[in-house]
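Colleague: So that you have it, the file is entry_8.txt, and it contains compact mmCIF, C-alpha atoms and all ligand atoms:
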```
# COMPACT_ATOMS: atom_id res chain seq x y z
CA MET G 107 3.14 -5.56 -10.63
CA THR G 108 0.66 -2.72 -10.22
CA ILE G 109 1.76 0.81 -9.44
CA MET G 110 0.06 0.48 -6.10
CA GLN G 111 2.35 -2.31 -4.98
CA GLU G 112 5.31 -0.39 -6.19
CA ILE G 113 4.66 2.73 -4.22
CA THR G 114 4.32 0.82 -0.99
CA THR G 115 7.56 -1.11 -1.30
CA ASP G 116 9.40 1.28 1.00
CA SER G 117 10.51 -0.21 4.30
CA ASP G 118 7.71 1.53 6.18
CA GLN G 119 4.96 -0.99 6.83
CA ARG G 120 2.42 1.24 8.53
CA GLN G 121 -1.14 0.91 7.26
CA PRO G 122 -1.95 3.87 4.98
CA ILE G 123 -4.77 6.20 6.02
CA ILE G 124 -5.60 7.00 2.43
CA THR G 125 -4.78 5.04 -0.69
CA LEU G 126 -5.46 6.05 -4.27
CA GLN G 127 -5.34 3.37 -6.89
CA GLY G 128 -5.29 4.19 -10.60
CA ILE G 129 -7.19 7.44 -10.24
CA THR G 130 -8.20 9.26 -13.42
CA ARG G 131 -10.16 12.48 -13.74
CA SER G 132 -11.34 14.06 -16.97
CA PHE G 133 -12.90 17.45 -17.50
CA GLY G 134 -14.42 17.07 -20.95
CA PRO G 135 -11.49 16.45 -23.28
CA VAL G 136 -8.92 17.39 -20.61
CA GLN G 137 -7.41 14.40 -18.84
CA ALA G 138 -6.32 16.10 -15.63
CA LEU G 139 -5.28 12.83 -13.94
CA ARG G 140 -4.13 9.67 -15.71
CA GLY G 141 -3.55 6.80 -13.32
CA ILE G 142 -2.49 8.26 -9.97
CA SER G 143 -1.69 5.74 -7.23
CA LEU G 144 -0.36 6.73 -3.84
CA ALA G 145 -0.52 5.99 -0.13
CA LEU G 146 -0.60 8.48 2.75
CA LYS G 147 0.78 7.06 5.99
CA PRO G 148 0.83 8.37 9.56
CA GLY G 149 3.90 10.43 10.40
CA ARG G 150 5.03 10.54 6.78
CA ALA G 151 5.04 13.26 4.14
CA LEU G 152 4.54 12.70 0.45
CA ALA G 153 5.29 15.51 -2.00
CA LEU G 154 3.38 15.92 -5.24
CA VAL G 155 5.66 17.89 -7.53
CA GLY G 156 5.04 19.31 -10.97
CA GLU G 157 4.45 22.38 -13.09
CA SER G 158 1.25 24.38 -13.39
CA GLY G 159 -1.62 22.38 -14.87
CA CYS G 160 -0.08 18.93 -14.28
CA GLY G 161 -2.98 17.89 -12.03
CA LYS G 162 -1.80 18.50 -8.46
CA THR G 163 -4.90 20.34 -7.25
CA SER G 164 -7.20 17.92 -9.08
CA CYS G 165 -5.58 15.15 -7.06
CA ALA G 166 -5.83 17.12 -3.79
CA ARG G 167 -9.53 17.79 -4.38
CA ILE G 168 -10.23 14.08 -4.80
CA ILE G 169 -8.38 13.31 -1.58
CA ALA G 170 -10.24 16.10 0.24
CA ARG G 171 -13.51 14.71 -1.18
CA MET G 172 -14.31 17.98 -2.91
CA ASP G 173 -14.36 16.02 -6.18
CA ARG G 174 -14.78 12.42 -7.36
CA PRO G 175 -12.53 10.46 -9.72
CA SER G 176 -13.70 9.45 -13.21
CA THR G 177 -12.22 5.99 -12.65
CA GLY G 178 -9.98 4.34 -10.06
CA ASP G 179 -10.38 3.75 -6.35
CA LEU G 180 -9.96 5.58 -3.07
CA TYR G 181 -9.51 3.70 0.19
CA PHE G 182 -9.82 5.15 3.70
CA ARG G 183 -8.13 3.04 6.38
CA GLY G 184 -8.25 0.12 3.98
CA ARG G 185 -11.95 0.52 3.23
CA GLN G 186 -13.26 1.23 -0.25
CA PHE G 187 -14.48 4.85 -0.13
CA THR G 188 -14.66 5.76 -3.83
CA SER G 189 -18.39 6.42 -4.05
CA SER G 190 -20.64 8.21 -1.55
CA GLN G 191 -20.74 6.72 1.91
CA SER G 192 -23.25 7.08 4.76
CA SER G 193 -23.41 10.62 6.13
CA GLU G 194 -21.73 9.38 9.32
CA ASP G 195 -18.78 7.93 7.36
CA GLU G 196 -18.54 11.04 5.19
CA LYS G 197 -18.36 13.16 8.33
CA THR G 198 -15.64 10.96 9.79
CA TYR G 199 -13.66 11.27 6.56
CA ARG G 200 -14.08 15.04 6.37
CA ARG G 201 -12.82 15.43 9.90
CA ALA G 202 -9.88 13.11 9.28
CA VAL G 203 -8.72 14.85 6.10
CA GLN G 204 -8.07 18.57 6.29
CA MET G 205 -6.79 20.93 3.65
CA VAL G 206 -4.55 24.01 3.76
CA PHE G 207 -5.00 26.13 0.67
CA GLN G 208 -2.58 28.17 -1.37
CA ASP G 209 -4.16 31.55 -0.75
CA PRO G 210 -4.05 32.48 2.94
CA PHE G 211 -6.00 35.66 2.21
CA ALA G 212 -9.01 34.09 0.50
CA ALA G 213 -9.28 31.23 3.00
CA LEU G 214 -10.24 33.41 5.97
CA ASN G 215 -13.51 35.33 6.28
CA PRO G 216 -12.72 39.03 6.84
CA VAL G 217 -15.67 39.59 9.19
CA PHE G 218 -14.63 36.94 11.73
CA THR G 219 -11.85 36.91 14.31
CA VAL G 220 -9.09 34.33 14.44
CA ALA G 221 -10.75 32.78 17.51
CA HIS G 222 -14.02 32.37 15.61
CA HIS G 223 -12.26 30.62 12.71
CA LEU G 224 -10.72 28.12 15.11
CA ALA G 225 -13.72 27.64 17.40
CA ARG G 226 -16.21 26.89 14.65
CA PRO G 227 -14.79 23.56 13.40
CA MET G 228 -14.10 22.55 17.01
CA LEU G 229 -17.75 23.05 18.00
CA LEU G 230 -19.03 21.50 14.77
CA HIS G 231 -17.10 18.28 15.38
CA GLY G 232 -17.63 18.25 19.15
CA HIS G 233 -14.00 18.76 20.15
CA ALA G 234 -14.94 21.42 22.70
CA LYS G 235 -18.19 22.38 24.38
CA THR G 236 -17.97 25.07 27.05
CA ARG G 237 -16.70 28.60 26.49
CA SER G 238 -13.64 28.06 28.64
CA GLU G 239 -12.85 24.77 26.90
CA VAL G 240 -13.01 26.51 23.53
CA ALA G 241 -10.83 29.41 24.72
CA ALA G 242 -8.21 27.05 26.12
CA ARG G 243 -8.10 25.02 22.93
CA VAL G 244 -7.90 28.11 20.74
CA ALA G 245 -4.91 29.30 22.78
CA ALA G 246 -3.24 25.88 22.56
CA LEU G 247 -3.80 25.69 18.81
CA LEU G 248 -2.30 29.14 18.24
CA ALA G 249 0.70 28.18 20.36
CA SER G 250 1.15 25.01 18.32
CA VAL G 251 1.59 27.11 15.16
CA ASP G 252 3.91 29.52 16.99
CA LEU G 253 1.43 32.39 17.25
CA GLU G 254 0.96 34.32 20.46
CA GLY G 255 -2.52 33.33 21.69
CA GLN G 256 -3.50 36.39 23.77
CA SER G 257 -2.81 38.95 21.08
CA THR G 258 -3.82 36.87 18.04
CA ALA G 259 -7.16 35.30 19.03
CA GLY G 260 -9.15 38.56 18.89
CA LYS G 261 -7.64 39.84 15.67
CA PHE G 262 -9.28 39.99 12.28
CA PRO G 263 -7.57 38.51 9.18
CA HIS G 264 -6.59 41.94 7.79
CA GLU G 265 -4.58 42.61 10.96
CA LEU G 266 -2.28 39.65 10.23
CA SER G 267 0.62 39.20 7.83
CA GLY G 268 0.43 36.57 5.08
CA GLY G 269 2.60 34.18 7.07
CA GLN G 270 0.48 34.67 10.20
CA ARG G 271 -2.68 34.02 8.20
CA GLN G 272 -1.26 30.81 6.82
CA ARG G 273 -0.41 29.75 10.38
CA VAL G 274 -4.04 30.45 11.35
CA ASN G 275 -5.17 28.31 8.41
CA ILE G 276 -2.94 25.49 9.60
CA ALA G 277 -4.29 25.89 13.15
CA ARG G 278 -7.83 25.76 11.79
CA ALA G 279 -7.07 22.54 9.94
CA LEU G 280 -5.68 21.09 13.18
CA ALA G 281 -8.71 22.16 15.23
CA VAL G 282 -10.55 18.92 14.45
CA GLU G 283 -7.50 16.74 15.12
CA PRO G 284 -7.15 15.34 11.62
CA ASP G 285 -5.08 12.34 10.54
CA VAL G 286 -4.23 13.73 7.11
CA LEU G 287 -3.20 17.23 6.12
CA VAL G 288 -3.26 18.19 2.44
CA ALA G 289 -1.23 21.36 1.85
CA ASP G 290 -1.68 22.67 -1.70
CA GLU G 291 1.20 25.07 -2.45
CA PRO G 292 0.99 26.46 1.11
CA THR G 293 3.84 28.93 0.65
CA SER G 294 3.66 30.01 -2.99
CA MET G 295 1.77 33.22 -2.16
CA LEU G 296 4.04 34.15 0.74
CA ASP G 297 7.24 36.20 0.85
CA VAL G 298 10.27 34.07 0.08
CA SER G 299 11.79 35.00 3.45
CA ILE G 300 9.05 33.33 5.48
CA ARG G 301 8.41 30.23 3.34
CA LEU G 302 10.92 28.01 5.07
CA GLY G 303 9.35 28.77 8.47
CA ILE G 304 5.97 27.51 7.27
CA LEU G 305 7.51 24.35 5.78
CA GLU G 306 9.38 23.68 9.02
CA LEU G 307 6.14 24.16 10.94
CA LEU G 308 4.37 21.60 8.73
CA SER G 309 7.19 19.11 9.27
CA GLU G 310 7.11 19.71 13.01
CA ILE G 311 3.33 19.24 13.18
CA LYS G 312 3.59 16.06 11.14
CA ARG G 313 6.12 14.66 13.61
CA GLN G 314 4.36 15.74 16.78
CA ARG G 315 0.88 14.66 15.73
CA ASN G 316 1.86 11.67 13.65
CA LEU G 317 0.01 13.20 10.71
CA ALA G 318 0.09 12.02 7.14
CA LEU G 319 1.07 15.04 5.05
CA LEU G 320 0.50 15.54 1.34
CA TYR G 321 2.67 18.46 0.35
CA ILE G 322 1.90 19.90 -3.07
CA THR G 323 4.45 22.11 -4.79
CA HIS G 324 5.91 23.11 -8.14
CA ASP G 325 9.27 23.52 -6.42
CA ILE G 326 11.19 20.24 -6.27
CA ALA G 327 13.81 21.75 -3.95
CA THR G 328 11.27 22.38 -1.17
CA ALA G 329 9.91 18.85 -1.58
CA ALA G 330 13.29 17.65 -0.40
CA HIS G 331 12.94 19.71 2.80
CA VAL G 332 9.54 18.38 3.73
CA ALA G 333 8.83 14.93 2.35
CA GLU G 334 10.31 11.45 2.71
CA GLU G 335 8.65 10.36 -0.51
CA MET G 336 7.75 12.20 -3.68
CA ILE G 337 5.86 11.84 -6.91
CA VAL G 338 6.90 13.90 -9.90
CA MET G 339 3.90 14.51 -12.14
CA PHE G 340 3.65 15.62 -15.72
CA ALA G 341 0.45 16.07 -17.72
CA GLY G 342 -1.63 14.10 -15.21
CA GLN G 343 0.75 11.16 -14.95
CA MET G 344 3.27 10.00 -12.38
CA ILE G 345 6.60 10.06 -14.22
CA GLU G 346 9.05 9.37 -11.37
CA TRP G 347 8.34 8.44 -7.75
CA GLY G 348 9.73 6.94 -4.58
CA ASP G 349 12.25 7.99 -1.95
CA THR G 350 12.84 11.76 -2.12
CA ARG G 351 16.58 11.67 -1.40
CA THR G 352 17.16 8.97 -3.98
CA ILE G 353 15.26 10.86 -6.65
CA ILE G 354 17.12 14.10 -5.91
CA ALA G 355 20.46 12.31 -6.02
CA GLU G 356 19.78 9.91 -8.89
CA ALA G 357 16.92 11.34 -10.95
CA ARG G 358 16.33 9.13 -13.92
CA HIS G 359 13.49 10.66 -15.90
CA PRO G 360 14.57 13.53 -18.17
CA TYR G 361 11.68 15.71 -16.94
CA THR G 362 12.73 15.26 -13.29
CA ARG G 363 16.27 16.17 -14.29
CA LEU G 364 14.93 19.21 -16.07
CA LEU G 365 13.11 20.30 -12.89
CA LEU G 366 16.25 19.75 -10.83
CA SER G 367 18.45 21.66 -13.22
CA ALA G 368 16.10 24.64 -12.89
CA VAL G 369 16.54 24.87 -9.11
CA PRO G 370 17.85 28.40 -8.62
CA ASP G 371 20.81 27.76 -6.39
CA PRO G 372 24.04 28.46 -8.29
CA ASP G 373 26.21 27.29 -5.39
CA ARG G 374 24.53 23.92 -5.14
CA PRO G 375 23.40 22.70 -8.53
CA PHE G 376 21.44 19.52 -8.01
CA VAL G 377 22.56 18.03 -11.30
CA PRO G 378 26.09 19.31 -11.81
CA GLY G 379 26.80 17.25 -14.90
CA GLU G 380 23.78 18.44 -16.88
CA SER G 381 24.84 20.05 -20.12
CA VAL G 382 23.44 23.11 -21.81
CA GLU G 383 22.68 20.77 -24.68
CA PHE G 384 20.34 18.81 -22.40
CA LEU G 385 18.43 21.93 -21.40
CA ARG G 386 17.97 22.87 -25.04
CA HIS G 387 15.96 19.70 -25.32
CA ALA G 388 13.24 20.92 -22.96
CA GLU G 389 10.54 20.72 -25.60
CA ALA G 390 11.56 17.21 -26.66
CA ILE G 391 11.58 16.17 -22.99
CA ARG G 392 8.08 17.47 -22.48
CA LYS G 393 6.90 15.63 -25.57
CA VAL G 394 8.18 12.20 -24.49
CA SER G 395 6.99 12.83 -20.90
CA ARG G 396 3.41 12.96 -22.14
CA ASP G 397 3.55 9.39 -23.46
CA ALA G 398 0.90 7.35 -21.70
CA SER G 399 2.23 4.02 -22.95
CA ALA G 400 5.73 4.37 -21.44
CA ALA G 401 6.53 1.31 -19.32
CA ILE G 402 7.15 1.60 -15.58
CA GLU G 403 10.67 0.71 -14.55
CA GLN G 404 11.88 -0.04 -11.03
CA ILE G 405 15.32 1.43 -10.44
CA GLY G 406 15.81 0.92 -6.71
CA PRO G 407 13.98 -0.47 -3.67
CA ASN G 408 11.70 2.59 -3.64
CA HIS G 409 12.46 4.37 -6.89
CA PHE G 410 10.30 4.10 -10.02
CA THR G 411 10.11 5.88 -13.32
CA ARG G 412 8.48 5.67 -16.70
CA SER G 413 11.14 4.67 -19.13
CA VAL G 414 11.40 7.06 -22.04
CA THR G 415 14.07 7.68 -24.62
CA LEU G 416 14.87 11.11 -25.89
N1 LIG B 1 -13.11 22.12 -12.87
C1 LIG B 1 -12.36 22.03 -13.97
N2 LIG B 1 -12.93 22.14 -15.19
C2 LIG B 1 -12.18 22.03 -16.31
N3 LIG B 1 -10.86 21.80 -16.32
C3 LIG B 1 -10.24 21.68 -15.13
C4 LIG B 1 -10.96 21.79 -13.90
N4 LIG B 1 -10.07 21.62 -12.88
C5 LIG B 1 -8.88 21.41 -13.46
N5 LIG B 1 -8.96 21.45 -14.80
C6 LIG B 1 -7.86 21.24 -15.76
O1 LIG B 1 -7.13 20.11 -15.34
C7 LIG B 1 -5.73 20.29 -15.50
C8 LIG B 1 -5.04 20.15 -14.17
O2 LIG B 1 -5.37 21.25 -13.34
P1 LIG B 1 -4.91 21.37 -11.82
O3 LIG B 1 -5.55 22.58 -11.26
O4 LIG B 1 -5.12 20.10 -11.13
O5 LIG B 1 -3.33 21.62 -12.00
P2 LIG B 1 -2.24 22.06 -10.92
O6 LIG B 1 -1.11 21.12 -11.06
O7 LIG B 1 -2.87 22.20 -9.59
O8 LIG B 1 -1.78 23.48 -11.47
P3 LIG B 1 -1.29 24.79 -10.63
O9 LIG B 1 0.16 24.55 -10.29
O10 LIG B 1 -1.44 25.91 -11.64
O11 LIG B 1 -2.15 24.96 -9.44
C9 LIG B 1 -5.57 21.66 -16.13
O12 LIG B 1 -5.50 21.50 -17.53
C10 LIG B 1 -6.85 22.37 -15.75
O13 LIG B 1 -7.16 23.38 -16.68
MG MG B 2 -3.03 23.78 -8.25
```
Could the structure of this file be written out as structure tokens, please?

Modeller:
Amino acid sequence: MTIMQEITTDSDQRQPIITLQGITRSFGPVQALRGISLALKPGRALALVGESGCGKTSCARIIARMDRPSTGDLYFRGRQFTSSQSSEDEKTYRRAVQMVFQDPFAALNPVFTVAHHLARPMLLHGHAKTRSEVAARVAALLASVDLEGQSTAGKFPHELSGGQRQRVNIARALAVEPDVLVADEPTSMLDVSIRLGILELLSEIKRQRNLALLYITHDIATAAHVAEEMIVMFAGQMIEWGDTRTIIAEARHPYTRLLLSAVPDPDRPFVPGESVEFLRHAEAIRKVSRDASAAIEQIGPNHFTRSVTL
């Protein structure tokens, strides 16, 4: 059985919008991605979880078509889209797949108003034509990310808080009515107090618009808030994947259990039975997690891991 078949064994039978199959990406000697397979489906969120440098952004860039894989395949609505397509098809893809970046400050141009940031993609992709159409859609978009339209539209980025800027970035991504939203660590540069609000907004938008959401994070606890499915990555590989709740409750791979044991909530330890002895083995865990030859094991209907022994 290929990994691809495995990841789509969940009960949801909807046709994926985007499918990656055995994607690798090397930068010289660095193997940033080693065999990533996943499916993004309408109305569903998939979390990509792992520590810094494990390959999350490399994967997001391939999905956003800002980069190409070294090997492996990308499908868009079931069609092979790995190599360059006609400019018309590329445009369709770029509209359908929108990205929200980590840094809400760098993503907005300081010399343009909020309204300008939202109107531009709309006009570019023909979603609005007249001035009044644009104004109405800008107001509706701001409302959909819980920003007050009248007061926000004319503001410049520096007049907004970090959370408000990230909401504008989300609104901008929605301006072209995408099918897929890729959110690469959308809250890691924001104050802790406002992170949950942004994650709830993403979940809400996913539900209302039937969007496929790829949520990228180093924080396995937030993945549980947002995503029905998750992939835990380590050193460019998928090491445990499937149903989020199942993985949180019954993590099998030692690296996943290490991530869970590091969740900073003393009242609700995710892995209560984990011993101090286990945590001392962090280095050994990382070493076995790197193993590219580890066999894939199916544990449950939608729960897979690479089997390793410590
Ligand atoms: N353009 C590039 N040129 C060379 N190496 C790269 C390039 N992009 C990524 N890498 C390397 O690929 C690996 C994966 O990087 P990537 O940015 O995908 O990780 P990440 O999981 O997003 O990390 P972070 O949590 O810090 O954002 C790293 O070793 C990184 O140094
Ligand atoms: Mg990254």

Colleague: Taking all atoms listed in the file into account, report as an MDAnalysis selection string which residues have an atom no farther than 8 Å from an atom of ligand MG 2 (chain B).

Modeller: chainID G and resid 158:159 161:164 290:291

Colleague: May I have the residues within 10 Å of ligand LIG 1 (chain B), computed using all atoms listed in the file, as a count of residues only?

Modeller: 36

Colleague: Tell me which protein, DNA and RNA residues are within 6 Å of G:Pro148, counting only C-alpha atoms, leaving out same-chain ones fewer than 2 positions away, and put them as a list in words.

Modeller: Arg150, Asn316, Leu317 and Ala318 of chain G

Colleague: What lies within 12 Å of stretch 271-273 of chain G using all atoms listed in the file, ignoring chain neighbours under 2 positions off, as a ChimeraX atom specification?

Modeller: /G:205-216,219-220,223-224,247-254,258-259,261-269,275-280,289-297,300-301,303-308,311

Colleague: What is the atom CA of G:Met172-atom CA of G:Glu335 distance in Å, reported with one decimal?

Modeller: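 Interatomic distance, atom CA of G:Met172 to atom CA of G:Glu335: 24.3 Å.
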
Colleague: With distances taken over only C-alpha atoms, which of G:Ala151, G:Leu180, G:Ile168, G:Val332 is nearest to G:Leu302?

Modeller: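 Of the candidates, the smallest distance to G:Leu302 is held by G:Val332.
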
Colleague: Mind giving me the straight-line distance from atom CA of G:Glu239 to atom CA of G:Arg226 in Å, one decimal?

Modeller: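 The value is 12.9 Å.
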
Colleague: Between atom CA of G:Tyr361 and atom CA of G:Ile345, what is the spacing in Å?

Modeller: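 Atom-to-atom, atom CA of G:Ile345 to atom CA of G:Tyr361, that is 8.1 Å.
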
Colleague: Can you pull out every residue within 10 Å of G:Ile353, counting all atoms listed in the file, but drop anything in the same chain fewer than 3 positions away, and send it as an MDAnalysis selection string?

Modeller: chainID G and resid 330 335:338 346:350 356:359 362:363 366 406 408:411

Colleague: Pick from G:Ile402, G:Ile124, G:Val369, G:Ala221: nearest to G:Gly184, with all atoms listed in the file counted?

Modeller: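 Under the stated criterion, the closest residue is G:Ile124.
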
Colleague: Take the point (-16.9, 4.2, -2.7) as written in the file and pick out every residue within 12 Å of it, counting all atoms listed in the file; give the list as a PDB file with C-alpha atoms, in the frame of the given file.

Modeller:
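Listed below is the output, selection34.pdb:
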```pdb
ATOM      1  CA  LEU G 126      -5.460   6.050  -4.270  1.00  0.00           C
ATOM      2  CA  ARG G 171     -13.510  14.710  -1.180  1.00  0.00           C
ATOM      3  CA  ARG G 174     -14.780  12.420  -7.360  1.00  0.00           C
ATOM      4  CA  PRO G 175     -12.530  10.460  -9.720  1.00  0.00           C
ATOM      5  CA  THR G 177     -12.220   5.990 -12.650  1.00  0.00           C
ATOM      6  CA  GLY G 178      -9.980   4.340 -10.060  1.00  0.00           C
ATOM      7  CA  ASP G 179     -10.380   3.750  -6.350  1.00  0.00           C
ATOM      8  CA  LEU G 180      -9.960   5.580  -3.070  1.00  0.00           C
ATOM      9  CA  TYR G 181      -9.510   3.700   0.190  1.00  0.00           C
ATOM     10  CA  PHE G 182      -9.820   5.150   3.700  1.00  0.00           C
ATOM     11  CA  GLY G 184      -8.250   0.120   3.980  1.00  0.00           C
ATOM     12  CA  ARG G 185     -11.950   0.520   3.230  1.00  0.00           C
ATOM     13  CA  GLN G 186     -13.260   1.230  -0.250  1.00  0.00           C
ATOM     14  CA  PHE G 187     -14.480   4.850  -0.130  1.00  0.00           C
ATOM     15  CA  THR G 188     -14.660   5.760  -3.830  1.00  0.00           C
ATOM     16  CA  SER G 189     -18.390   6.420  -4.050  1.00  0.00           C
ATOM     17  CA  SER G 190     -20.640   8.210  -1.550  1.00  0.00           C
ATOM     18  CA  GLN G 191     -20.740   6.720   1.910  1.00  0.00           C
ATOM     19  CA  SER G 192     -23.250   7.080   4.760  1.00  0.00           C
ATOM     20  CA  ASP G 195     -18.780   7.930   7.360  1.00  0.00           C
ATOM     21  CA  GLU G 196     -18.540  11.040   5.190  1.00  0.00           C
TER      22      GLU G 196
END
```

Colleague: Could you add all heavy atoms to stretch 155-163 of chain G and give me the result as a PDB file, in the frame of the given file?

Modeller:
```
ATOM      1  N   VAL G 155       4.864  16.836  -6.915  1.00  0.00           N
ATOM      2  CA  VAL G 155       5.660  17.890  -7.530  1.00  0.00           C
ATOM      3  C   VAL G 155       5.378  17.963  -9.029  1.00  0.00           C
ATOM      4  O   VAL G 155       5.348  16.930  -9.708  1.00  0.00           O
ATOM      5  CB  VAL G 155       7.173  17.603  -7.344  1.00  0.00           C
ATOM      6  CG1 VAL G 155       8.011  18.731  -7.914  1.00  0.00           C
ATOM      7  CG2 VAL G 155       7.499  17.375  -5.881  1.00  0.00           C
ATOM      8  N   GLY G 156       5.214  19.172  -9.524  1.00  0.00           N
ATOM      9  CA  GLY G 156       5.040  19.310 -10.970  1.00  0.00           C
ATOM     10  C   GLY G 156       4.632  20.723 -11.336  1.00  0.00           C
ATOM     11  O   GLY G 156       4.227  21.508 -10.481  1.00  0.00           O
ATOM     12  N   GLU G 157       4.724  21.012 -12.618  1.00  0.00           N
ATOM     13  CA  GLU G 157       4.450  22.380 -13.090  1.00  0.00           C
ATOM     14  C   GLU G 157       2.955  22.677 -13.105  1.00  0.00           C
ATOM     15  O   GLU G 157       2.131  21.769 -12.928  1.00  0.00           O
ATOM     16  CB  GLU G 157       5.040  22.558 -14.483  1.00  0.00           C
ATOM     17  CG  GLU G 157       4.355  21.685 -15.529  1.00  0.00           C
ATOM     18  CD  GLU G 157       5.079  21.701 -16.877  1.00  0.00           C
ATOM     19  OE1 GLU G 157       6.328  21.739 -16.881  1.00  0.00           O
ATOM     20  OE2 GLU G 157       4.387  21.670 -17.901  1.00  0.00           O
ATOM     21  N   SER G 158       2.639  23.933 -13.336  1.00  0.00           N
ATOM     22  CA  SER G 158       1.250  24.380 -13.390  1.00  0.00           C
ATOM     23  C   SER G 158       0.449  23.569 -14.406  1.00  0.00           C
ATOM     24  O   SER G 158       0.907  23.339 -15.517  1.00  0.00           O
ATOM     25  CB  SER G 158       1.234  25.865 -13.763  1.00  0.00           C
ATOM     26  OG  SER G 158      -0.079  26.331 -13.732  1.00  0.00           O
ATOM     27  N   GLY G 159      -0.729  23.107 -13.968  1.00  0.00           N
ATOM     28  CA  GLY G 159      -1.620  22.380 -14.870  1.00  0.00           C
ATOM     29  C   GLY G 159      -1.368  20.875 -14.945  1.00  0.00           C
ATOM     30  O   GLY G 159      -2.056  20.179 -15.680  1.00  0.00           O
ATOM     31  N   CYS G 160      -0.394  20.359 -14.165  1.00  0.00           N
ATOM     32  CA  CYS G 160      -0.080  18.930 -14.280  1.00  0.00           C
ATOM     33  C   CYS G 160      -1.083  18.052 -13.523  1.00  0.00           C
ATOM     34  O   CYS G 160      -1.085  16.833 -13.677  1.00  0.00           O
ATOM     35  CB  CYS G 160       1.344  18.635 -13.808  1.00  0.00           C
ATOM     36  SG  CYS G 160       1.559  18.700 -12.029  1.00  0.00           S
ATOM     37  N   GLY G 161      -1.933  18.662 -12.689  1.00  0.00           N
ATOM     38  CA  GLY G 161      -2.980  17.890 -12.030  1.00  0.00           C
ATOM     39  C   GLY G 161      -2.893  17.810 -10.516  1.00  0.00           C
ATOM     40  O   GLY G 161      -3.655  17.072  -9.887  1.00  0.00           O
ATOM     41  N   LYS G 162      -2.010  18.592  -9.913  1.00  0.00           N
ATOM     42  CA  LYS G 162      -1.800  18.500  -8.460  1.00  0.00           C
ATOM     43  C   LYS G 162      -3.067  18.819  -7.665  1.00  0.00           C
ATOM     44  O   LYS G 162      -3.460  18.067  -6.775  1.00  0.00           O
ATOM     45  CB  LYS G 162      -0.662  19.454  -8.032  1.00  0.00           C
ATOM     46  CG  LYS G 162       0.637  19.238  -8.775  1.00  0.00           C
ATOM     47  CD  LYS G 162       1.723  20.197  -8.321  1.00  0.00           C
ATOM     48  CE  LYS G 162       1.458  21.663  -8.562  1.00  0.00           C
ATOM     49  NZ  LYS G 162       1.394  22.044  -9.995  1.00  0.00           N
ATOM     50  N   THR G 163      -3.702  19.949  -8.002  1.00  0.00           N
ATOM     51  CA  THR G 163      -4.900  20.340  -7.250  1.00  0.00           C
ATOM     52  C   THR G 163      -6.056  19.377  -7.528  1.00  0.00           C
ATOM     53  O   THR G 163      -6.832  19.056  -6.621  1.00  0.00           O
ATOM     54  CB  THR G 163      -5.291  21.799  -7.574  1.00  0.00           C
ATOM     55  OG1 THR G 163      -4.214  22.652  -7.165  1.00  0.00           O
ATOM     56  CG2 THR G 163      -6.558  22.217  -6.846  1.00  0.00           C
TER      57      THR G 163
END
```
